[in-house]
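See below for data-v2.txt, which holds compact mmCIF, C-alpha atoms.
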# COMPACT_ATOMS: atom_id res chain seq x y z
CA MET L 1 139.24 78.58 117.78
CA ARG L 2 136.33 78.67 120.22
CA VAL L 3 133.95 81.59 119.74
CA LEU L 4 131.19 82.78 122.08
CA LEU L 5 128.39 84.72 120.38
CA SER L 6 126.16 86.64 122.80
CA THR L 7 122.94 88.56 122.22
CA ILE L 8 119.92 89.56 124.29
CA GLY L 9 116.76 90.11 122.31
CA SER L 10 114.10 88.63 120.08
CA ARG L 11 114.50 86.51 116.96
CA GLY L 12 115.58 89.65 115.09
CA GLU L 13 118.79 89.61 117.13
CA VAL L 14 119.19 85.86 117.56
CA GLN L 15 118.75 84.76 113.94
CA PRO L 16 121.62 86.93 112.61
CA VAL L 17 123.86 85.52 115.34
CA VAL L 18 122.85 82.02 114.24
CA ALA L 19 123.83 82.99 110.69
CA LEU L 20 127.32 83.97 111.86
CA ALA L 21 127.55 80.86 114.04
CA SER L 22 126.65 78.68 111.05
CA GLU L 23 129.36 80.25 108.91
CA LEU L 24 131.96 79.86 111.64
CA ARG L 25 130.99 76.23 112.19
CA ALA L 26 131.27 75.57 108.46
CA LEU L 27 134.83 76.93 108.67
CA GLY L 28 135.69 74.42 111.37
CA GLN L 29 135.39 76.66 114.42
CA ASP L 30 133.90 75.71 117.78
CA VAL L 31 130.90 77.96 118.46
CA ARG L 32 128.84 78.56 121.59
CA LEU L 33 125.73 80.77 121.77
CA CYS L 34 124.53 82.77 124.77
CA VAL L 35 120.92 83.79 124.01
CA PRO L 36 117.53 84.10 125.76
CA PRO L 37 115.92 80.77 126.69
CA ASP L 38 113.07 81.33 124.19
CA PHE L 39 115.36 79.99 121.46
CA ARG L 40 116.96 77.04 123.25
CA ASP L 41 114.89 74.33 121.54
CA TRP L 42 115.44 75.74 118.06
CA LEU L 43 119.20 76.03 118.52
CA ASP L 44 119.39 72.56 120.07
CA GLU L 45 117.80 71.23 116.88
CA LEU L 46 120.49 73.00 114.85
CA GLY L 47 123.15 71.33 116.96
CA PHE L 48 124.61 74.39 118.68
CA ASP L 49 126.04 74.57 122.17
CA VAL L 50 123.62 76.98 123.91
CA VAL L 51 123.82 78.79 127.24
CA PRO L 52 120.50 80.50 128.04
CA ILE L 53 120.68 83.96 129.58
CA GLY L 54 118.00 85.80 131.54
CA PRO L 55 114.26 85.14 131.63
CA GLU L 56 112.06 84.23 128.68
CA LEU L 57 111.15 87.31 126.66
CA ARG L 58 108.05 86.14 124.80
CA GLY L 59 105.56 87.29 127.45
CA THR L 60 106.67 90.92 127.17
CA ALA L 61 104.59 91.43 123.99
CA SER L 62 101.29 90.11 125.32
CA ALA L 63 99.97 93.25 127.00
CA HIS L 64 100.54 96.96 127.35
CA ARG L 65 102.15 97.98 130.59
CA GLY L 66 102.63 101.33 132.29
CA ARG L 67 105.92 103.17 132.00
CA PRO L 68 108.33 102.00 134.72
CA THR L 69 109.58 104.39 137.39
CA PRO L 70 113.25 105.48 137.46
CA GLU L 71 113.82 103.21 140.46
CA GLN L 72 112.30 100.23 138.64
CA ILE L 73 114.53 100.98 135.66
CA ARG L 74 117.58 101.16 137.90
CA GLN L 75 116.77 97.86 139.60
CA ALA L 76 116.17 96.13 136.27
CA ALA L 77 119.39 97.60 134.88
CA GLU L 78 121.46 96.38 137.81
CA GLY L 79 119.83 92.96 137.57
CA THR L 80 120.62 92.49 133.89
CA VAL L 81 124.24 93.59 134.42
CA THR L 82 124.70 91.03 137.20
CA THR L 83 123.03 88.29 135.14
CA GLN L 84 125.33 89.03 132.21
CA PHE L 85 128.51 88.92 134.29
CA GLU L 86 127.46 85.61 135.84
CA THR L 87 126.11 83.91 132.70
CA VAL L 88 128.48 85.25 130.05
CA GLY L 89 131.37 84.75 132.45
CA ALA L 90 130.56 81.05 132.73
CA ALA L 91 129.75 80.63 129.03
CA ALA L 92 133.08 82.19 128.03
CA GLU L 93 135.11 79.46 129.72
CA GLY L 94 137.79 78.35 127.27
CA CYS L 95 136.74 80.81 124.54
CA ASP L 96 139.25 82.67 122.39
CA VAL L 97 136.83 85.30 121.04
CA LEU L 98 133.69 86.93 122.40
CA VAL L 99 131.27 88.59 119.98
CA ALA L 100 128.59 90.76 121.60
CA ALA L 101 125.78 91.58 119.17
CA GLY L 102 122.89 94.01 119.55
CA ALA L 103 121.81 96.23 122.41
CA LEU L 104 122.54 96.12 126.14
CA GLN L 105 125.77 94.13 126.04
CA PHE L 106 127.43 95.29 129.25
CA ALA L 107 129.61 92.43 130.47
CA ALA L 108 131.18 90.75 127.43
CA ARG L 109 134.18 93.03 127.04
CA SER L 110 135.07 92.83 130.73
CA ILE L 111 134.80 89.04 130.57
CA ALA L 112 136.99 88.97 127.46
CA GLU L 113 139.63 91.07 129.21
CA ARG L 114 139.67 88.72 132.20
CA ARG L 115 140.16 85.67 129.99
CA GLY L 116 142.64 87.24 127.59
CA ALA L 117 140.20 86.71 124.74
CA ALA L 118 139.54 88.92 121.73
CA TYR L 119 136.34 90.99 121.75
CA VAL L 120 134.08 92.32 118.99
CA TYR L 121 130.94 94.41 119.31
CA ALA L 122 128.42 94.24 116.43
CA SER L 123 125.38 96.42 115.79
CA PHE L 124 122.47 95.68 113.46
CA CYS L 125 121.58 99.29 112.66
CA PRO L 126 123.74 102.39 111.94
CA ILE L 127 121.98 104.72 114.35
CA THR L 128 122.80 102.53 117.34
CA LEU L 129 126.47 103.48 116.87
CA PRO L 130 127.61 107.05 117.69
CA SER L 131 128.16 109.51 114.85
CA ASP L 132 127.86 113.27 114.54
CA LEU L 133 125.87 112.62 111.34
CA HIS L 134 122.90 110.98 113.05
CA ALA L 135 121.06 111.03 116.35
CA PRO L 136 120.70 107.99 118.62
CA PRO L 137 117.55 105.86 118.30
CA PRO L 138 114.47 107.71 119.60
CA MET L 139 113.51 106.68 123.12
CA PRO L 140 110.64 107.76 125.42
CA TRP L 141 112.98 109.43 127.91
CA ARG L 142 114.93 111.50 125.37
CA SER L 143 115.03 115.22 126.16
CA PRO L 144 112.86 117.21 123.71
CA GLY L 145 114.19 120.13 121.73
CA LYS L 146 117.81 118.98 121.39
CA ALA L 147 118.79 118.99 117.73
CA GLU L 148 122.57 118.64 118.01
CA ASN L 149 123.57 115.03 117.52
CA ARG L 150 126.67 115.20 119.68
CA ALA L 151 124.60 116.46 122.62
CA LEU L 152 122.14 113.60 122.18
CA TRP L 153 124.91 111.01 122.20
CA ALA L 154 126.39 112.64 125.32
CA GLU L 155 122.96 112.38 126.95
CA ASP L 156 122.85 108.70 126.00
CA ALA L 157 126.28 108.10 127.52
CA ASP L 158 125.23 109.81 130.76
CA ARG L 159 122.21 107.52 130.98
CA TRP L 160 124.28 104.39 130.35
CA ASN L 161 126.79 105.44 132.98
CA THR L 162 124.06 106.32 135.50
CA PHE L 163 121.92 103.23 135.15
CA PHE L 164 124.49 100.58 134.24
CA GLY L 165 127.99 101.94 134.87
CA GLY L 166 128.05 101.60 138.65
CA ARG L 167 127.14 97.93 138.68
CA VAL L 168 129.54 97.19 135.79
CA ASN L 169 132.37 98.76 137.78
CA GLU L 170 131.41 96.83 140.91
CA HIS L 171 131.88 93.59 139.00
CA ARG L 172 135.10 94.85 137.45
CA ALA L 173 136.49 95.88 140.84
CA ALA L 174 135.64 92.46 142.29
CA ALA L 175 137.82 90.91 139.56
CA GLY L 176 140.65 93.42 140.03
CA GLN L 177 139.85 95.34 136.84
CA PRO L 178 140.07 99.15 136.65
CA PRO L 179 136.81 101.13 136.41
CA VAL L 180 135.23 102.11 133.11
CA GLU L 181 134.56 105.84 132.82
CA ASP L 182 132.58 105.85 129.56
CA LEU L 183 130.49 102.68 129.32
CA PRO L 184 129.25 103.09 125.69
CA ASP L 185 132.78 103.73 124.49
CA HIS L 186 133.92 100.65 126.40
CA VAL L 187 131.17 98.43 124.95
CA PHE L 188 131.34 99.68 121.35
CA THR L 189 135.18 99.83 121.21
CA GLY L 190 137.02 102.04 118.75
CA ARG L 191 136.19 99.69 115.87
CA PRO L 192 132.67 98.25 116.08
CA TRP L 193 131.10 96.10 113.39
CA LEU L 194 127.92 97.04 111.57
CA ALA L 195 125.98 93.93 110.54
CA ALA L 196 123.60 95.74 108.19
CA ASP L 197 123.23 95.81 104.43
CA ALA L 198 125.18 98.66 102.87
CA ALA L 199 122.46 99.51 100.35
CA LEU L 200 119.59 99.44 102.83
CA ALA L 201 121.33 100.78 105.95
CA PRO L 202 124.68 102.36 105.07
CA TRP L 203 127.09 103.85 107.58
CA PRO L 204 126.73 107.63 107.07
CA GLU L 205 130.46 108.24 106.75
CA PRO L 206 131.71 106.43 103.62
CA GLY L 207 135.22 105.12 103.98
CA ASP L 208 135.20 105.52 107.78
CA ALA L 209 137.84 103.04 108.95
CA ARG L 210 136.43 103.08 112.49
CA VAL L 211 133.40 100.97 111.53
CA VAL L 212 133.54 97.57 109.80
CA GLN L 213 130.34 97.14 107.78
CA THR L 214 130.12 93.44 107.04
CA GLY L 215 126.64 93.38 105.54
CA ALA L 216 123.56 91.84 107.15
CA TRP L 217 123.96 88.41 108.74
CA ILE L 218 121.29 86.40 106.94
CA TRP L 219 120.57 82.84 107.99
CA PRO L 220 119.60 80.82 104.87
CA ASP L 221 116.16 79.63 105.93
CA GLU L 222 115.34 76.45 104.00
CA ARG L 223 112.14 75.50 105.80
CA PRO L 224 109.18 74.81 103.49
CA LEU L 225 106.06 76.89 103.90
CA PRO L 226 103.31 75.11 105.87
CA PRO L 227 101.00 73.16 103.53
CA GLY L 228 97.94 75.21 104.44
CA LEU L 229 99.76 78.46 103.74
CA ALA L 230 101.14 77.21 100.43
CA GLU L 231 97.63 76.25 99.35
CA PHE L 232 96.29 79.65 100.41
CA LEU L 233 98.95 81.42 98.35
CA ASP L 234 98.20 79.25 95.33
CA ALA L 235 94.45 79.92 95.56
CA GLY L 236 94.47 83.56 94.41
CA GLU L 237 96.35 86.78 93.83
CA PRO L 238 99.32 87.56 96.13
CA PRO L 239 98.05 88.62 99.57
CA VAL L 240 99.36 91.29 101.92
CA TYR L 241 101.50 90.04 104.81
CA PHE L 242 101.02 91.59 108.26
CA GLY L 243 103.38 90.84 111.13
CA PHE L 244 104.80 92.66 114.16
CA GLY L 245 107.33 90.10 115.34
CA SER L 246 108.10 90.38 119.04
CA MET L 247 106.42 93.75 119.47
CA ARG L 248 103.41 94.51 121.65
CA ALA L 249 100.15 95.04 119.81
CA PRO L 250 96.49 95.39 120.78
CA GLY L 251 94.29 92.40 119.98
CA GLU L 252 92.06 94.43 117.67
CA LEU L 253 95.00 95.19 115.37
CA ALA L 254 94.36 91.99 113.41
CA GLU L 255 90.92 93.28 112.41
CA ALA L 256 92.42 96.61 111.35
CA MET L 257 94.96 94.76 109.21
CA LEU L 258 92.32 92.66 107.51
CA ALA L 259 90.15 95.72 106.88
CA ALA L 260 93.08 97.52 105.23
CA ALA L 261 93.78 94.57 102.93
CA ARG L 262 90.12 94.22 101.99
CA ALA L 263 89.92 97.92 101.17
CA HIS L 264 92.32 97.16 98.30
CA GLY L 265 90.69 93.89 97.30
CA ARG L 266 93.55 91.87 98.77
CA ARG L 267 93.68 88.78 100.91
CA ALA L 268 95.77 88.81 104.09
CA VAL L 269 98.35 86.65 105.82
CA ILE L 270 98.55 87.63 109.49
CA ALA L 271 101.48 86.48 111.62
CA ARG L 272 100.52 85.93 115.22
CA GLY L 273 103.89 87.03 116.58
CA TRP L 274 104.63 87.34 120.28
CA ALA L 275 101.52 89.48 120.76
CA GLY L 276 99.33 86.57 119.70
CA LEU L 277 97.46 88.43 116.96
CA ALA L 278 94.52 86.35 115.81
CA ALA L 279 93.40 86.11 112.22
CA ALA L 280 89.67 86.61 111.81
CA GLY L 281 88.10 83.17 112.17
CA ALA L 282 88.11 80.83 109.20
CA GLN L 283 87.37 83.48 106.60
CA PRO L 284 88.60 82.51 103.12
CA ASP L 285 90.48 85.77 102.53
CA CYS L 286 92.65 85.55 105.66
CA PHE L 287 95.28 83.07 106.84
CA GLY L 288 96.99 83.10 110.25
CA VAL L 289 100.57 81.85 110.68
CA GLY L 290 103.04 81.33 113.49
CA GLU L 291 106.79 81.21 112.99
CA VAL L 292 107.37 81.04 109.23
CA ASN L 293 110.12 81.23 106.62
CA GLN L 294 109.94 84.91 105.71
CA GLN L 295 112.50 84.54 102.95
CA ALA L 296 110.18 82.19 101.07
CA LEU L 297 106.91 83.88 102.00
CA PHE L 298 107.91 87.46 101.17
CA ARG L 299 108.64 86.51 97.57
CA ARG L 300 104.98 85.56 97.19
CA VAL L 301 103.15 88.54 98.71
CA ALA L 302 102.00 91.87 97.28
CA ALA L 303 103.38 93.86 100.22
CA VAL L 304 104.89 93.33 103.68
CA VAL L 305 103.41 95.33 106.57
CA HIS L 306 105.63 95.08 109.65
CA HIS L 307 107.18 96.78 112.67
CA GLY L 308 110.45 97.81 111.07
CA GLY L 309 112.89 95.45 112.74
CA ALA L 310 116.25 95.14 111.01
CA GLY L 311 115.77 91.49 110.08
CA THR L 312 112.24 91.83 108.68
CA THR L 313 113.09 95.00 106.75
CA THR L 314 116.12 93.33 105.21
CA ALA L 315 114.19 90.15 104.36
CA ALA L 316 111.44 92.14 102.63
CA ALA L 317 113.95 94.27 100.73
CA ARG L 318 115.90 91.20 99.62
CA ALA L 319 112.65 89.55 98.46
CA GLY L 320 111.75 92.60 96.36
CA ALA L 321 108.49 93.18 98.27
CA PRO L 322 107.01 96.67 98.80
CA GLN L 323 106.79 97.55 102.48
CA VAL L 324 104.64 99.42 104.98
CA VAL L 325 106.48 100.01 108.24
CA VAL L 326 104.62 100.70 111.49
CA PRO L 327 107.47 101.61 113.87
CA GLN L 328 107.18 101.61 117.64
CA MET L 329 110.65 102.06 119.10
CA TYR L 330 114.41 102.02 118.86
CA ASP L 331 115.80 101.35 115.34
CA GLN L 332 112.38 100.77 113.80
CA HIS L 333 111.92 104.48 113.06
CA TYR L 334 115.23 104.46 111.17
CA PHE L 335 114.15 101.58 108.94
CA ALA L 336 110.76 103.22 108.38
CA GLY L 337 112.60 106.30 107.15
CA ARG L 338 114.87 104.26 104.89
CA VAL L 339 111.94 102.42 103.29
CA ARG L 340 110.28 105.76 102.60
CA ALA L 341 113.47 107.46 101.36
CA LEU L 342 114.32 104.59 98.99
CA GLY L 343 110.80 104.60 97.56
CA LEU L 344 110.17 101.02 98.69
CA GLY L 345 106.88 101.79 100.41
CA ALA L 346 105.47 103.87 103.25
CA ALA L 347 105.45 104.32 107.03
CA THR L 348 102.30 104.77 109.08
CA GLU L 349 100.31 104.20 112.29
CA PRO L 350 98.53 100.94 113.31
CA THR L 351 94.94 101.91 112.46
CA ALA L 352 92.72 100.58 109.68
CA GLU L 353 92.49 104.00 108.03
CA ALA L 354 96.23 104.68 108.20
CA LEU L 355 97.14 101.18 107.01
CA THR L 356 94.71 101.50 104.10
CA SER L 357 96.29 104.78 103.00
CA ALA L 358 99.83 103.42 103.33
CA LEU L 359 98.96 100.30 101.36
CA GLU L 360 97.67 102.51 98.56
CA ILE L 361 101.27 103.71 98.20
CA ALA L 362 102.93 100.32 98.64
CA LEU L 363 100.67 98.59 96.10
CA ARG L 364 101.37 101.04 93.29
CA PRO L 365 103.00 99.36 90.28
CA ASP L 366 105.92 101.81 90.27
CA VAL L 367 106.69 101.07 93.93
CA ALA L 368 106.56 97.32 93.30
CA ALA L 369 108.90 97.72 90.34
CA ARG L 370 111.30 99.84 92.39
CA ALA L 371 111.31 97.23 95.19
CA ARG L 372 112.16 94.49 92.69
CA ARG L 373 115.02 96.55 91.26
CA PHE L 374 116.38 97.34 94.70
CA ALA L 375 116.39 93.67 95.73
CA VAL L 376 119.41 92.89 93.56
CA HIS L 377 121.51 95.31 95.64
CA VAL L 378 120.80 93.56 98.96
CA ARG L 379 123.66 91.16 99.59
CA ALA L 380 123.30 87.77 101.26
CA ASP L 381 126.95 87.18 102.17
CA GLY L 382 127.29 89.37 105.25
CA ALA L 383 127.68 86.48 107.69
CA SER L 384 130.32 84.89 105.48
CA VAL L 385 132.19 88.19 105.26
CA ALA L 386 131.98 88.60 109.03
CA ALA L 387 133.20 85.05 109.71
CA SER L 388 136.19 85.45 107.42
CA HIS L 389 137.03 88.84 108.90
CA LEU L 390 136.77 87.46 112.43
CA LEU L 391 139.19 84.62 111.71
CA ALA L 392 141.63 87.03 110.07
CA THR L 393 141.53 89.75 112.73
CA ALA L 394 140.45 88.16 116.04
CA PRO L 395 143.90 88.32 117.64
CA LEU L 396 143.92 92.08 117.01
CA THR L 397 140.40 93.03 118.09
CA SER L 398 140.98 93.43 121.82
CA ALA L 399 143.74 96.01 121.35
Structure translated into structure tokens:
Amino acid sequence: MRVLLSTIGSRGEVQPVVALASELRALGQDVRLCVPPDFRDWLDELGFDVVPIGPELRGTASAHRGRPTPEQIRQAAEGTVTTQFETVGAAAEGCDVLVAAGALQFAARSIAERRGAAYVYASFCPITLPSDLHAPPPMPWRSPGKAENRALWAEDADRWNTFFGGRVNEHRAAAGQPPVEDLPDHVFTGRPWLAADAALAPWPEPGDARVVQTGAWIWPDERPLPPGLAEFLDAGEPPVYFGFGSMRAPGELAEAMLAAARAHGRRAVIARGWAGLAAAGAQPDCFGVGEVNQQALFRRVAAVVHHGGAGTTTAAARAGAPQVVVPQMYDQHYFAGRVRALGLGAATEPTAEALTSALEIALRPDVAARARRFAVHVRADGASVAASHLLATAPLTSA
């Protein structure tokens, strides 16, 4: 079977897809990946067939930008829809199954229908899938004062249909396909997958047959830690890790991070991320890193301070590390709330004072003990479960 796995996003979206691709390849399947060009070199090294989609994303975290106008949003929306139909359409040649993972997947189901292929949509966080038991992810444009979840999801659907639906239906009409009236319902299908850990991010309706919760898709990272970092870790007590992944961040945030760690007598490991955060010079209590094996590093730190992405939150929870989440957007607020509700740490703002206060919570012995106990409940077999389920059900998924 030939499978196309498509996602548009940062490493937090791409790495889980690589985990599923690895499991499928180990089962003898032919796998192709459609991902942003930022990850082409990495995936080439892993031996995957890669089709890059859209522009590079890395530059989006380097500076703060003003809020776009509605017309700019509309133009960008129409552009990404067209790019997806063109790129995914070509990448899907000869494929039996299309798996669309993460946000903003507008074309994959239409392409699957054209080619007679099966289609699966997978989300990495519960609140990105509609339910009366939770609201959609918070967004800057969301209408204030609405407390009823169903109304919020209806508002979301209206926005999808307004900004993306017209162009989707233009491409469908050009291929002789009927129009889609409800774009989210079309994309998500009546049986989406939830690629999130059931202990950390459970679907709110236990036993709901409409959602297949496979568990988080975790790529087994076997890279060694850089020699300099390993030596830094060995030279003293466990430091505090600070990293914001692909998110935007002001340059002075690195100093605020270091000040918060020092306030508790801790050293710091600061990940540069896409924002290019710079560790403070060559000071002995601070070490700057680029792309690193989080699975190995998080087992050796006193706490993990991060943006609240699904992948980083899951990696920290699996490592048994206390967490401080500094959410900015989308599903990050959900994971901040889960870390707080489970007693695994705190959530806060990106200032030295706020980070210092939140670390006071995360570094408590009882929180560290609770994080270690919780780690045993975080499963590592989600990608394997998903691969097996896909092979067993793919012929049925486009019904």
>> Here is a test: counting only C-alpha atoms, which residue of L:His377, L:Arg32, L:Arg25, L:Arg364 is nearest to L:Val3?
In response: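 Of L:His377, L:Arg32, L:Arg25, L:Arg364, the one nearest L:Val3 is L:Arg32, counting only C-alpha atoms.
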> Could you pull the residues within 12 Å of L:Arg338, counting only C-alpha atoms, minus those fewer than 4 positions along the same chain, as a ChimeraX atom specification?
Replying inline: /L:125-127,197-202,308-310,313-314,317,323-325,327,331-334,342-347
>> as a ChimeraX atom specification, please: the residues near L:Gly382 (cut-off 9 Å, only C-alpha atoms, same-chain neighbours under 3 positions excluded).
In response: /L:20,195-197,213-218,379,385-387
> Which neighbours of stretch 187-193 of chain L fall inside 8 Å, counting only C-alpha atoms, when residues of the same chain fewer than 4 positions from it are skipped, and could you give them as a PyMOL selection string?
Replying inline: chain L and resi 105-106+109+120-123+129+183+209-214
>> Could you list, as JSON, numbers by chain, every residue within 12 Å of L:Ser388, counting only C-alpha atoms and ignoring same-chain residues fewer than 5 positions away?
In response: {"L": [20, 21, 23, 24, 25, 26, 27, 28, 29, 214, 381, 382, 383, 393, 394]}
Could the residues in this selection be saved with C-alpha atoms as an mmCIF file, in the frame of the given file?
data_model
loop_
_atom_site.group_PDB
_atom_site.id
_atom_site.type_symbol
_atom_site.label_atom_id
_atom_site.label_comp_id
_atom_site.auth_asym_id
_atom_site.auth_seq_id
_atom_site.Cartn_x
_atom_site.Cartn_y
_atom_site.Cartn_z
ATOM 1 C CA LEU L 20 127.320 83.970 111.860
ATOM 2 C CA ALA L 21 127.550 80.860 114.040
ATOM 3 C CA GLU L 23 129.360 80.250 108.910
ATOM 4 C CA LEU L 24 131.960 79.860 111.640
ATOM 5 C CA ARG L 25 130.990 76.230 112.190
ATOM 6 C CA ALA L 26 131.270 75.570 108.460
ATOM 7 C CA LEU L 27 134.830 76.930 108.670
ATOM 8 C CA GLY L 28 135.690 74.420 111.370
ATOM 9 C CA GLN L 29 135.390 76.660 114.420
ATOM 10 C CA THR L 214 130.120 93.440 107.040
ATOM 11 C CA ASP L 381 126.950 87.180 102.170
ATOM 12 C CA GLY L 382 127.290 89.370 105.250
ATOM 13 C CA ALA L 383 127.680 86.480 107.690
ATOM 14 C CA THR L 393 141.530 89.750 112.730
ATOM 15 C CA ALA L 394 140.450 88.160 116.040
#
> For the point (131.8, 79.7, 126.5) in file coordinates, what residues are within 12 Å, counting all atoms listed in the file? Give the answer as a VMD selection string?
Replying inline: chain L and resid 1 to 6 30 to 35 48 to 52 86 to 99 108 111 to 112 115 117
> Do you have the atom CA of L:Ala375-atom CA of L:Gly320 distance handy?
Replying inline: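 If I compute the distance from atom CA of L:Ala375 to atom CA of L:Gly320, I get 4.8 Å.
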> Near L:Leu355, within 12 Å and counting all atoms listed in the file, which residues show up once chain neighbours fewer than 2 positions away are dropped, as a VMD selection string?
Replying inline: chain L and resid 240 242 253 to 264 303 to 306 323 to 326 345 to 353 357 to 363
